[in-house]
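Raw coords03.cif, mmCIF, C-alpha atoms:
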```cif
data_input
#
loop_
_atom_site.group_PDB
_atom_site.id
_atom_site.type_symbol
_atom_site.label_atom_id
_atom_site.label_comp_id
_atom_site.auth_asym_id
_atom_site.auth_seq_id
_atom_site.Cartn_x
_atom_site.Cartn_y
_atom_site.Cartn_z
ATOM 1 C CA MET A 1 12.325 -116.076 -72.159
ATOM 2 C CA LEU A 2 13.251 -115.924 -75.766
ATOM 3 C CA GLY A 3 15.536 -118.681 -76.957
ATOM 4 C CA HIS A 4 17.395 -119.379 -80.151
ATOM 5 C CA SER A 5 15.564 -121.052 -82.997
ATOM 6 C CA SER A 6 16.321 -124.575 -84.152
ATOM 7 C CA CYS A 7 18.679 -125.079 -87.072
ATOM 8 C CA LYS A 8 16.087 -126.787 -89.263
ATOM 9 C CA PHE A 9 14.643 -123.642 -90.813
ATOM 10 C CA SER A 10 15.752 -122.129 -94.066
ATOM 11 C CA PRO A 11 18.107 -119.148 -93.987
ATOM 12 C CA VAL A 12 15.298 -116.821 -95.129
ATOM 13 C CA MET A 13 13.114 -117.677 -92.183
ATOM 14 C CA ALA A 14 16.066 -117.642 -89.833
ATOM 15 C CA SER A 15 17.026 -114.151 -90.922
ATOM 16 C CA ARG A 16 13.437 -113.035 -90.510
ATOM 17 C CA VAL A 17 13.316 -114.441 -86.974
ATOM 18 C CA LEU A 18 16.645 -112.774 -86.303
ATOM 19 C CA HIS A 19 15.246 -109.426 -87.396
ATOM 20 C CA GLN A 20 12.356 -109.975 -85.020
ATOM 21 C CA CYS A 21 14.797 -110.667 -82.216
ATOM 22 C CA VAL A 22 16.755 -107.539 -83.024
ATOM 23 C CA ARG A 23 13.527 -105.552 -83.169
ATOM 24 C CA SER A 24 12.340 -106.884 -79.822
ATOM 25 C CA LEU A 25 15.723 -106.066 -78.312
ATOM 26 C CA ALA A 26 15.275 -102.469 -79.324
ATOM 27 C CA ARG A 27 11.754 -102.564 -77.837
ATOM 28 C CA PRO A 28 12.196 -103.398 -74.149
ATOM 29 C CA SER A 29 9.971 -106.301 -73.186
ATOM 30 C CA LEU A 30 7.950 -106.323 -69.971
ATOM 31 C CA ARG A 31 10.153 -108.747 -68.063
ATOM 32 C CA LEU A 32 13.390 -106.950 -68.788
ATOM 33 C CA LEU A 33 12.005 -103.550 -67.846
ATOM 34 C CA THR A 34 12.408 -104.405 -64.168
ATOM 35 C CA ALA A 35 16.177 -104.726 -64.635
ATOM 36 C CA ASN A 36 18.520 -101.778 -64.887
ATOM 37 C CA PRO A 37 17.737 -100.216 -68.267
ATOM 38 C CA THR A 38 21.147 -98.634 -68.817
ATOM 39 C CA VAL A 39 22.986 -101.875 -68.168
ATOM 40 C CA ARG A 40 20.648 -103.708 -70.488
ATOM 41 C CA ALA A 41 20.801 -101.171 -73.290
ATOM 42 C CA ALA A 42 24.609 -101.036 -73.297
ATOM 43 C CA PRO A 43 25.496 -104.631 -74.256
ATOM 44 C CA ALA A 44 22.650 -105.043 -76.776
ATOM 45 C CA PRO A 45 23.715 -102.605 -79.514
ATOM 46 C CA LEU A 46 27.362 -103.535 -78.930
ATOM 47 C CA ALA A 47 26.598 -107.202 -79.378
ATOM 48 C CA ALA A 48 24.437 -106.552 -82.426
ATOM 49 C CA ALA A 49 27.126 -104.392 -84.031
ATOM 50 C CA VAL A 50 30.081 -106.657 -83.334
ATOM 51 C CA ARG A 51 28.695 -110.045 -84.283
ATOM 52 C CA PRO A 52 27.916 -110.536 -87.985
ATOM 53 C CA LEU A 53 24.274 -111.286 -88.687
ATOM 54 C CA SER A 54 25.119 -114.053 -91.144
ATOM 55 C CA PHE A 55 25.755 -116.751 -88.574
ATOM 56 C CA ALA A 56 22.357 -116.350 -86.975
ATOM 57 C CA ALA A 57 22.119 -119.008 -84.250
ATOM 58 C CA ASP A 58 25.476 -118.404 -82.624
ATOM 59 C CA SER A 59 25.196 -114.627 -82.366
ATOM 60 C CA ARG A 60 21.670 -114.806 -81.015
ATOM 61 C CA ARG A 61 22.628 -117.402 -78.438
ATOM 62 C CA THR A 62 25.603 -115.505 -77.073
ATOM 63 C CA ARG A 63 23.702 -112.240 -77.108
ATOM 64 C CA TRP A 64 20.819 -113.670 -75.113
ATOM 65 C CA LEU A 65 23.100 -115.452 -72.646
ATOM 66 C CA GLY A 66 24.800 -112.170 -71.839
ATOM 67 C CA GLN A 67 21.390 -110.550 -71.593
ATOM 68 C CA SER A 68 19.993 -113.005 -69.059
ATOM 69 C CA ARG A 69 23.049 -112.954 -66.844
ATOM 70 C CA ILE A 70 23.103 -109.201 -66.523
ATOM 71 C CA SER A 71 19.427 -108.555 -66.107
ATOM 72 C CA SER A 72 18.379 -111.304 -63.711
ATOM 73 C CA GLY A 73 21.703 -112.266 -62.099
ATOM 74 C CA VAL A 74 20.626 -115.917 -62.196
ATOM 75 C CA LEU A 75 21.626 -118.276 -65.021
ATOM 76 C CA CYS A 76 18.629 -119.480 -66.957
ATOM 77 C CA ARG A 77 18.603 -122.133 -69.658
ATOM 78 C CA GLN A 78 17.821 -121.491 -73.287
ATOM 79 C CA TYR A 79 15.820 -124.295 -74.826
ATOM 80 C CA GLY A 80 15.754 -124.712 -78.548
ATOM 81 C CA ASP A 81 12.470 -123.165 -79.614
ATOM 82 C CA LEU A 82 11.099 -120.305 -81.633
ATOM 83 C CA PRO A 83 10.281 -116.991 -79.999
ATOM 84 C CA PRO A 84 6.666 -117.170 -78.792
ATOM 85 C CA LEU A 85 4.053 -116.118 -81.325
ATOM 86 C CA THR A 86 1.972 -113.062 -80.634
ATOM 87 C CA LEU A 87 -0.980 -111.756 -82.617
ATOM 88 C CA GLU A 88 1.217 -108.892 -83.805
ATOM 89 C CA THR A 89 4.019 -111.079 -85.083
ATOM 90 C CA ILE A 90 1.585 -113.421 -86.810
ATOM 91 C CA LYS A 91 -0.059 -110.458 -88.533
ATOM 92 C CA ASP A 92 3.344 -109.048 -89.575
ATOM 93 C CA ARG A 93 4.438 -112.336 -91.072
ATOM 94 C CA VAL A 94 1.132 -112.897 -92.874
ATOM 95 C CA MET A 95 1.232 -109.407 -94.424
ATOM 96 C CA TYR A 96 4.902 -109.864 -95.335
ATOM 97 C CA VAL A 97 4.179 -113.096 -97.202
ATOM 98 C CA LEU A 98 1.165 -111.563 -98.935
ATOM 99 C CA LYS A 99 3.188 -108.562 -100.060
ATOM 100 C CA LEU A 100 5.717 -110.914 -101.628
ATOM 101 C CA TYR A 101 2.998 -112.523 -103.768
ATOM 102 C CA ASP A 102 3.209 -111.042 -107.226
ATOM 103 C CA LYS A 103 -0.499 -111.075 -108.030
ATOM 104 C CA ILE A 104 -1.303 -108.807 -105.104
ATOM 105 C CA ASN A 105 -0.778 -105.051 -105.215
ATOM 106 C CA PRO A 106 1.035 -104.237 -101.938
ATOM 107 C CA GLU A 107 -0.481 -100.763 -101.646
ATOM 108 C CA SER A 108 -4.073 -101.950 -101.751
ATOM 109 C CA LEU A 109 -3.499 -104.759 -99.253
ATOM 110 C CA GLN A 110 -5.108 -104.369 -95.848
ATOM 111 C CA ALA A 111 -6.007 -106.737 -93.063
ATOM 112 C CA SER A 112 -9.633 -106.867 -94.129
ATOM 113 C CA SER A 113 -9.261 -106.998 -97.904
ATOM 114 C CA HIS A 114 -11.130 -109.951 -99.348
ATOM 115 C CA PHE A 115 -9.066 -112.029 -101.762
ATOM 116 C CA MET A 116 -11.767 -112.606 -104.324
ATOM 117 C CA LYS A 117 -13.874 -109.456 -104.050
ATOM 118 C CA ASP A 118 -11.294 -106.740 -103.260
ATOM 119 C CA LEU A 119 -8.081 -108.131 -104.719
ATOM 120 C CA GLY A 120 -9.668 -109.964 -107.637
ATOM 121 C CA LEU A 121 -7.905 -113.285 -107.088
ATOM 122 C CA ASP A 122 -8.915 -116.726 -108.256
ATOM 123 C CA SER A 123 -9.787 -119.696 -106.041
ATOM 124 C CA LEU A 124 -6.538 -121.327 -107.158
ATOM 125 C CA ASP A 125 -4.705 -118.133 -106.144
ATOM 126 C CA GLN A 126 -6.277 -118.463 -102.721
ATOM 127 C CA VAL A 127 -5.012 -122.059 -102.571
ATOM 128 C CA GLU A 128 -1.513 -120.804 -103.379
ATOM 129 C CA ILE A 129 -1.747 -118.176 -100.644
ATOM 130 C CA ILE A 130 -2.812 -120.758 -98.063
ATOM 131 C CA MET A 131 0.081 -122.977 -99.136
ATOM 132 C CA ALA A 132 2.479 -120.056 -98.655
ATOM 133 C CA MET A 133 1.072 -119.614 -95.141
ATOM 134 C CA GLU A 134 1.594 -123.310 -94.477
ATOM 135 C CA ASP A 135 5.230 -123.009 -95.556
ATOM 136 C CA GLU A 136 5.691 -119.889 -93.450
ATOM 137 C CA PHE A 137 4.254 -121.192 -90.186
ATOM 138 C CA GLY A 138 5.225 -124.816 -90.644
ATOM 139 C CA PHE A 139 1.936 -126.645 -90.100
ATOM 140 C CA GLU A 140 -0.660 -128.159 -92.419
ATOM 141 C CA ILE A 141 -3.943 -126.382 -93.010
ATOM 142 C CA PRO A 142 -6.629 -128.878 -94.122
ATOM 143 C CA ASP A 143 -8.582 -127.991 -97.204
ATOM 144 C CA GLY A 144 -11.988 -127.997 -95.501
ATOM 145 C CA GLU A 145 -10.948 -125.055 -93.349
ATOM 146 C CA ALA A 146 -8.619 -123.486 -95.896
ATOM 147 C CA GLU A 147 -11.381 -122.722 -98.369
ATOM 148 C CA LYS A 148 -13.095 -120.468 -95.813
ATOM 149 C CA LEU A 149 -10.085 -118.210 -95.177
ATOM 150 C CA MET A 150 -10.736 -115.298 -97.468
ATOM 151 C CA THR A 151 -9.110 -112.307 -95.763
ATOM 152 C CA PRO A 152 -5.728 -111.831 -94.044
ATOM 153 C CA ALA A 153 -7.539 -111.134 -90.748
ATOM 154 C CA GLU A 154 -9.241 -114.540 -90.950
ATOM 155 C CA ILE A 155 -5.908 -116.220 -91.633
ATOM 156 C CA VAL A 156 -4.350 -114.525 -88.597
ATOM 157 C CA GLN A 157 -7.325 -115.575 -86.454
ATOM 158 C CA TYR A 158 -7.099 -119.178 -87.679
ATOM 159 C CA ILE A 159 -3.367 -119.430 -87.001
ATOM 160 C CA ALA A 160 -3.844 -117.882 -83.562
ATOM 161 C CA ASP A 161 -6.559 -120.453 -82.839
ATOM 162 C CA LYS A 162 -4.371 -123.309 -83.941
ATOM 163 C CA LYS A 163 -1.272 -122.134 -82.110
ATOM 164 C CA ASP A 164 -3.096 -121.082 -78.921
ATOM 165 C CA VAL A 165 -2.094 -117.440 -79.154
ATOM 166 C CA TYR A 166 -4.357 -115.043 -77.323
ATOM 167 C CA GLU A 167 -4.130 -111.579 -75.877
ATOM 168 C CA MET B 168 -32.435 -148.190 -112.693
ATOM 169 C CA ALA B 169 -35.825 -148.256 -111.026
ATOM 170 C CA SER B 170 -34.829 -145.453 -108.741
ATOM 171 C CA THR B 171 -33.592 -143.429 -111.690
ATOM 172 C CA ALA B 172 -36.836 -143.967 -113.549
ATOM 173 C CA ALA B 173 -38.865 -143.045 -110.488
ATOM 174 C CA ALA B 174 -36.826 -139.941 -109.869
ATOM 175 C CA ARG B 175 -37.137 -138.996 -113.505
ATOM 176 C CA ALA B 176 -40.852 -139.450 -113.392
ATOM 177 C CA ALA B 177 -41.121 -137.444 -110.190
ATOM 178 C CA THR B 178 -38.998 -134.450 -111.083
ATOM 179 C CA GLY B 179 -39.301 -134.657 -114.806
ATOM 180 C CA ALA B 180 -36.356 -132.355 -115.457
ATOM 181 C CA SER B 181 -33.284 -133.447 -113.401
ATOM 182 C CA LYS B 182 -31.613 -136.828 -113.675
ATOM 183 C CA VAL B 183 -30.165 -138.690 -110.687
ATOM 184 C CA VAL B 184 -26.964 -140.485 -111.612
ATOM 185 C CA LYS B 185 -24.504 -142.548 -109.642
ATOM 186 C CA PRO B 186 -21.594 -140.349 -108.522
ATOM 187 C CA ILE B 187 -17.995 -141.313 -109.179
ATOM 188 C CA PHE B 188 -16.465 -139.865 -106.005
ATOM 189 C CA SER B 189 -18.156 -136.671 -104.956
ATOM 190 C CA ARG B 190 -21.829 -136.191 -104.411
ATOM 191 C CA ASP B 191 -22.054 -132.482 -105.080
ATOM 192 C CA PHE B 192 -20.193 -129.578 -106.621
ATOM 193 C CA ASP B 193 -18.420 -128.451 -103.430
ATOM 194 C CA GLU B 194 -16.899 -131.830 -102.771
ATOM 195 C CA ALA B 195 -15.652 -131.997 -106.356
ATOM 196 C CA LYS B 196 -14.142 -128.517 -106.001
ATOM 197 C CA ARG B 197 -12.360 -129.707 -102.876
ATOM 198 C CA ARG B 198 -10.822 -132.579 -104.820
ATOM 199 C CA VAL B 199 -9.711 -130.187 -107.541
ATOM 200 C CA ARG B 200 -8.046 -127.983 -104.932
ATOM 201 C CA GLU B 201 -6.243 -130.940 -103.361
ATOM 202 C CA LEU B 202 -4.969 -131.960 -106.789
ATOM 203 C CA TYR B 203 -3.763 -128.411 -107.452
ATOM 204 C CA ARG B 204 -1.895 -128.368 -104.147
ATOM 205 C CA ALA B 205 -0.220 -131.673 -104.943
ATOM 206 C CA TRP B 206 0.838 -130.489 -108.392
ATOM 207 C CA TYR B 207 2.051 -127.150 -107.022
ATOM 208 C CA ARG B 208 4.280 -128.928 -104.506
ATOM 209 C CA GLU B 209 5.480 -131.408 -107.094
ATOM 210 C CA VAL B 210 6.671 -128.910 -109.738
ATOM 211 C CA PRO B 211 10.060 -128.015 -108.147
ATOM 212 C CA ASN B 212 10.793 -131.683 -107.466
ATOM 213 C CA ALA B 213 9.978 -132.552 -111.093
ATOM 214 C CA VAL B 214 12.159 -129.739 -112.444
ATOM 215 C CA ALA B 215 15.058 -131.042 -110.358
ATOM 216 C CA MET B 216 14.499 -134.731 -111.038
ATOM 217 C CA PHE B 217 13.994 -134.554 -114.801
ATOM 218 C CA GLN B 218 16.562 -131.759 -115.201
ATOM 219 C CA LEU B 219 14.103 -129.667 -117.136
ATOM 220 C CA ASP B 220 15.215 -126.455 -118.788
ATOM 221 C CA ILE B 221 12.294 -124.460 -117.417
ATOM 222 C CA THR B 222 12.017 -122.377 -114.289
ATOM 223 C CA VAL B 223 9.776 -123.421 -111.423
ATOM 224 C CA GLN B 224 7.586 -120.385 -112.105
ATOM 225 C CA GLN B 225 7.082 -121.465 -115.726
ATOM 226 C CA GLY B 226 6.148 -124.941 -114.548
ATOM 227 C CA ARG B 227 3.627 -123.584 -112.073
ATOM 228 C CA ASP B 228 2.147 -121.283 -114.722
ATOM 229 C CA LYS B 229 1.721 -124.286 -116.989
ATOM 230 C CA VAL B 230 -0.059 -126.195 -114.193
ATOM 231 C CA ARG B 231 -2.347 -123.188 -113.703
ATOM 232 C CA GLU B 232 -3.014 -123.083 -117.445
ATOM 233 C CA MET B 233 -3.982 -126.748 -117.577
ATOM 234 C CA PHE B 234 -6.357 -126.238 -114.653
ATOM 235 C CA ASN B 235 -7.861 -123.142 -116.233
ATOM 236 C CA LYS B 236 -8.617 -125.026 -119.432
ATOM 237 C CA ASN B 237 -11.322 -126.931 -117.555
ATOM 238 C CA LYS B 238 -12.455 -124.067 -115.378
ATOM 239 C CA HIS B 239 -15.912 -123.978 -116.938
ATOM 240 C CA VAL B 240 -16.877 -127.506 -115.863
ATOM 241 C CA THR B 241 -19.649 -127.766 -113.269
ATOM 242 C CA ASP B 242 -20.725 -131.411 -113.483
ATOM 243 C CA PRO B 243 -19.303 -133.263 -110.426
ATOM 244 C CA ARG B 244 -18.832 -136.517 -112.332
ATOM 245 C CA LEU B 245 -16.887 -134.800 -115.078
ATOM 246 C CA MET B 246 -14.778 -132.973 -112.502
ATOM 247 C CA ASP B 247 -14.072 -136.272 -110.740
ATOM 248 C CA MET B 248 -12.999 -137.866 -113.999
ATOM 249 C CA LEU B 249 -10.647 -134.975 -114.737
ATOM 250 C CA VAL B 250 -9.261 -135.167 -111.197
ATOM 251 C CA ILE B 251 -8.634 -138.892 -111.664
ATOM 252 C CA LYS B 252 -6.766 -138.254 -114.898
ATOM 253 C CA GLY B 253 -4.774 -135.505 -113.180
ATOM 254 C CA LYS B 254 -3.894 -137.886 -110.347
ATOM 255 C CA LEU B 255 -2.682 -140.456 -112.880
ATOM 256 C CA GLU B 256 -0.371 -137.889 -114.436
ATOM 257 C CA LEU B 257 0.805 -136.797 -110.997
ATOM 258 C CA GLN B 258 1.601 -140.338 -109.942
ATOM 259 C CA GLU B 259 3.583 -140.954 -113.101
ATOM 260 C CA THR B 260 5.493 -137.717 -112.544
ATOM 261 C CA ILE B 261 6.260 -138.348 -108.881
ATOM 262 C CA HIS B 262 7.517 -141.885 -109.382
ATOM 263 C CA VAL B 263 9.560 -140.877 -112.452
ATOM 264 C CA TRP B 264 7.769 -143.345 -114.663
ATOM 265 C CA LYS B 265 7.580 -140.557 -117.227
ATOM 266 C CA GLN B 266 10.584 -139.099 -118.970
ATOM 267 C CA LYS B 267 11.696 -135.604 -119.817
ATOM 268 C CA THR B 268 9.984 -135.709 -123.199
ATOM 269 C CA HIS B 269 6.621 -136.576 -121.684
ATOM 270 C CA ILE B 270 6.787 -133.614 -119.331
ATOM 271 C CA MET B 271 7.890 -131.258 -122.097
ATOM 272 C CA ARG B 272 4.912 -132.374 -124.181
ATOM 273 C CA TYR B 273 2.800 -130.135 -121.971
ATOM 274 C CA PHE B 274 4.778 -127.174 -123.231
ATOM 275 C CA SER B 275 4.546 -127.821 -126.962
ATOM 276 C CA GLU B 276 1.489 -126.569 -128.796
ATOM 277 C CA SER B 277 -0.181 -129.439 -130.591
ATOM 278 C CA GLU B 278 -3.028 -127.636 -132.301
ATOM 279 C CA GLU B 279 -2.913 -124.172 -133.772
ATOM 280 C CA PRO B 280 -5.556 -121.762 -132.501
ATOM 281 C CA ARG B 281 -8.595 -121.190 -134.651
ATOM 282 C CA ALA B 282 -8.465 -118.146 -136.853
ATOM 283 C CA ALA B 283 -10.827 -115.450 -135.620
ATOM 284 C CA ASP B 284 -10.306 -112.410 -137.786
ATOM 285 C CA PHE B 285 -10.764 -112.107 -141.526
ATOM 286 C CA LEU B 286 -7.132 -111.960 -142.599
ATOM 287 C CA SER B 287 -6.085 -115.120 -140.738
ATOM 288 C CA LYS B 288 -8.984 -116.981 -142.286
ATOM 289 C CA PHE B 289 -8.004 -115.572 -145.665
ATOM 290 C CA TYR B 290 -4.407 -116.704 -145.336
ATOM 291 C CA ARG B 291 -5.485 -120.109 -144.132
ATOM 292 C CA GLY B 292 -7.778 -120.459 -147.074
ATOM 293 C CA HIS B 293 -10.717 -122.812 -147.387
ATOM 294 C CA GLU B 294 -11.264 -125.997 -149.275
ATOM 295 C CA PRO B 295 -12.693 -125.388 -152.703
#
```
Take the structure in the file and write it out as structure tokens.
Amino acid sequence: MLGHSSCKFSPVMASRVLHQCVRSLARPSLRLLTANPTVRAAPAPLAAAVRPLSFAADSRRTRWLGQSRISSGVLCRQYGDLPPLTLETIKDRVMYVLKLYDKINPESLQASSHFMKDLGLDSLDQVEIIMAMEDEFGFEIPDGEAEKLMTPAEIVQYIADKKDVYE
Amino acid sequence: MASTAAARAATGASKVVKPIFSRDFDEAKRRVRELYRAWYREVPNAVAMFQLDITVQQGRDKVREMFNKNKHVTDPRLMDMLVIKGKLELQETIHVWKQKTHIMRYFSESEEPRAADFLSKFYRGHEP
């Protein structure tokens, strides 16, 4: 069950997580499909429209509480944790961060583009990219393994290995 | 000494020297990368602490420039020595043993670039 994120993260990351939550609300997840779809669809856009997106934690919490009560009928607790990582979300976040990097051309960026051969980056640029990934996902990547990550697909695979995400 | 002489006699061309920290090129590159990471993370803290009038991006570009100046080095001992000097500077910056003027010294050009084309050399003149 998706819960609200902890308050430690910066507003940028919180807004990004919030967008993911809004996106996954629009896309019905497997568990909620069993419930009545009309009942579920009705409160979600209402809640999203009424509550302002600026105060992220509160709106998400109340929205999800209403969600769980209607769909399952049983109260379930929301523990303070991030929404669970999937390979898709990891890939989205990695590509998002890479597109923000100014030395990379966003059009020519693909999942398999090599940093040094295809994108023409330096080894120090690759270090900067790995540091941006560390800041994004919140865990340290040691240098022995960081120097081998040369494509976005490898980065996604490494993070999935470290965070125990599998399909 | 004996081992060096023996190795020299055996190979004839390459010299075996005592390493400073790293035994080969890859290990030295790893140290360089660690130093770059530390400097990259330190730049925003330094800009805040010393109240510098530069942006964080300018600071990071300057760090990149200083690293690129020694990009051509391949000798592990030389790389280790440069890493040690970089660590000294980093320590002085982190602990605020330096002052604003010492940091800004990185940004002031101390030597003018050598004249390459004819006119610059002409204007500079040469000693009679």
Please, which residues of chain A lie no more than 9 Å from chain B when the count uses all atoms listed in the file, and can they be set out as a PyMOL selection string? chain A and resi 123-124+127-128+131+143-144+147
Could you tell me which residues the PyMOL selection byres ((chain B and resi 189) around 12) grabs in this file, written as a list in words?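 So the PyMOL selection byres ((chain B and resi 189) around 12), applied here, picks out Val184, Lys185, Pro186, Ile187, Phe188, Arg190, Asp191, Phe192, Asp193, Glu194, Ala195, Lys196, Arg197, Arg198, Val199, Asp242, Pro243, Arg244, Leu245, Met246, Asp247, Met248, Val250 and Ile251 of chain B.
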Could you check how far CA of Asp161 in chain A sits from CA of Ile130 in chain A, in Å to one decimal?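 According to the coordinates, CA of Asp161 in chain A and CA of Ile130 in chain A are separated by 15.7 Å.
Here CA of Glu107 in chain A stands at a distance of 22.3 Å from CA of Gln157 in chain A.
Take CA of Trp206 in chain B and CA of Val94 in chain A: the distance between them is 23.5 Å.
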Run the PyMOL selection byres ((chain A and resi 119) around 10) on the file and write out the hits as number ranges by chain. A: 103-105, 108-109, 113-118, 120-122, 151
For range 215-224 of chain B: contacts at 12 Å, all atoms listed in the file, fewer than 2 positions along chain excluded, given as a PyMOL selection string: (chain A and resi 102) or (chain B and resi 206-213+226-231+260-274)
Would you output that residue set with C-alpha atoms, as an mmCIF file, in the frame of the given file?
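What follows is the written file selection_25.cif:
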```
data_model
loop_
_atom_site.group_PDB
_atom_site.id
_atom_site.type_symbol
_atom_site.label_atom_id
_atom_site.label_comp_id
_atom_site.auth_asym_id
_atom_site.auth_seq_id
_atom_site.Cartn_x
_atom_site.Cartn_y
_atom_site.Cartn_z
ATOM 1 C CA ASP A 102 3.209 -111.042 -107.226
ATOM 2 C CA TRP B 206 0.838 -130.489 -108.392
ATOM 3 C CA TYR B 207 2.051 -127.150 -107.022
ATOM 4 C CA ARG B 208 4.280 -128.928 -104.506
ATOM 5 C CA GLU B 209 5.480 -131.408 -107.094
ATOM 6 C CA VAL B 210 6.671 -128.910 -109.738
ATOM 7 C CA PRO B 211 10.060 -128.015 -108.147
ATOM 8 C CA ASN B 212 10.793 -131.683 -107.466
ATOM 9 C CA ALA B 213 9.978 -132.552 -111.093
ATOM 10 C CA GLY B 226 6.148 -124.941 -114.548
ATOM 11 C CA ARG B 227 3.627 -123.584 -112.073
ATOM 12 C CA ASP B 228 2.147 -121.283 -114.722
ATOM 13 C CA LYS B 229 1.721 -124.286 -116.989
ATOM 14 C CA VAL B 230 -0.059 -126.195 -114.193
ATOM 15 C CA ARG B 231 -2.347 -123.188 -113.703
ATOM 16 C CA THR B 260 5.493 -137.717 -112.544
ATOM 17 C CA ILE B 261 6.260 -138.348 -108.881
ATOM 18 C CA HIS B 262 7.517 -141.885 -109.382
ATOM 19 C CA VAL B 263 9.560 -140.877 -112.452
ATOM 20 C CA TRP B 264 7.769 -143.345 -114.663
ATOM 21 C CA LYS B 265 7.580 -140.557 -117.227
ATOM 22 C CA GLN B 266 10.584 -139.099 -118.970
ATOM 23 C CA LYS B 267 11.696 -135.604 -119.817
ATOM 24 C CA THR B 268 9.984 -135.709 -123.199
ATOM 25 C CA HIS B 269 6.621 -136.576 -121.684
ATOM 26 C CA ILE B 270 6.787 -133.614 -119.331
ATOM 27 C CA MET B 271 7.890 -131.258 -122.097
ATOM 28 C CA ARG B 272 4.912 -132.374 -124.181
ATOM 29 C CA TYR B 273 2.800 -130.135 -121.971
ATOM 30 C CA PHE B 274 4.778 -127.174 -123.231
#
```
Show me, as a compact mmCIF listing (two decimals) with C-alpha atoms, in the coordinates of the input, the residues that have an atom within 10 Å of Met133 in chain A when counting only C-alpha atoms, minus same-chain residues fewer than 2 positions from it.
```
# COMPACT_ATOMS: atom_id res chain seq x y z
CA ARG A 93 4.44 -112.34 -91.07
CA VAL A 94 1.13 -112.90 -92.87
CA VAL A 97 4.18 -113.10 -97.20
CA LEU A 98 1.16 -111.56 -98.94
CA VAL A 127 -5.01 -122.06 -102.57
CA GLU A 128 -1.51 -120.80 -103.38
CA ILE A 129 -1.75 -118.18 -100.64
CA ILE A 130 -2.81 -120.76 -98.06
CA MET A 131 0.08 -122.98 -99.14
CA ASP A 135 5.23 -123.01 -95.56
CA GLU A 136 5.69 -119.89 -93.45
CA PHE A 137 4.25 -121.19 -90.19
CA GLY A 138 5.22 -124.82 -90.64
CA PHE A 139 1.94 -126.64 -90.10
CA GLU A 140 -0.66 -128.16 -92.42
CA ILE A 141 -3.94 -126.38 -93.01
CA ILE A 155 -5.91 -116.22 -91.63
CA VAL A 156 -4.35 -114.52 -88.60
CA ILE A 159 -3.37 -119.43 -87.00
```
Among listed residues A:Ile90, A:Gly80, A:Gln126, A:Gln110, nearest Tyr158 in chain A (using only C-alpha atoms):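 Looking at the shortest contact to Tyr158 in chain A, the residue is A:Ile90.
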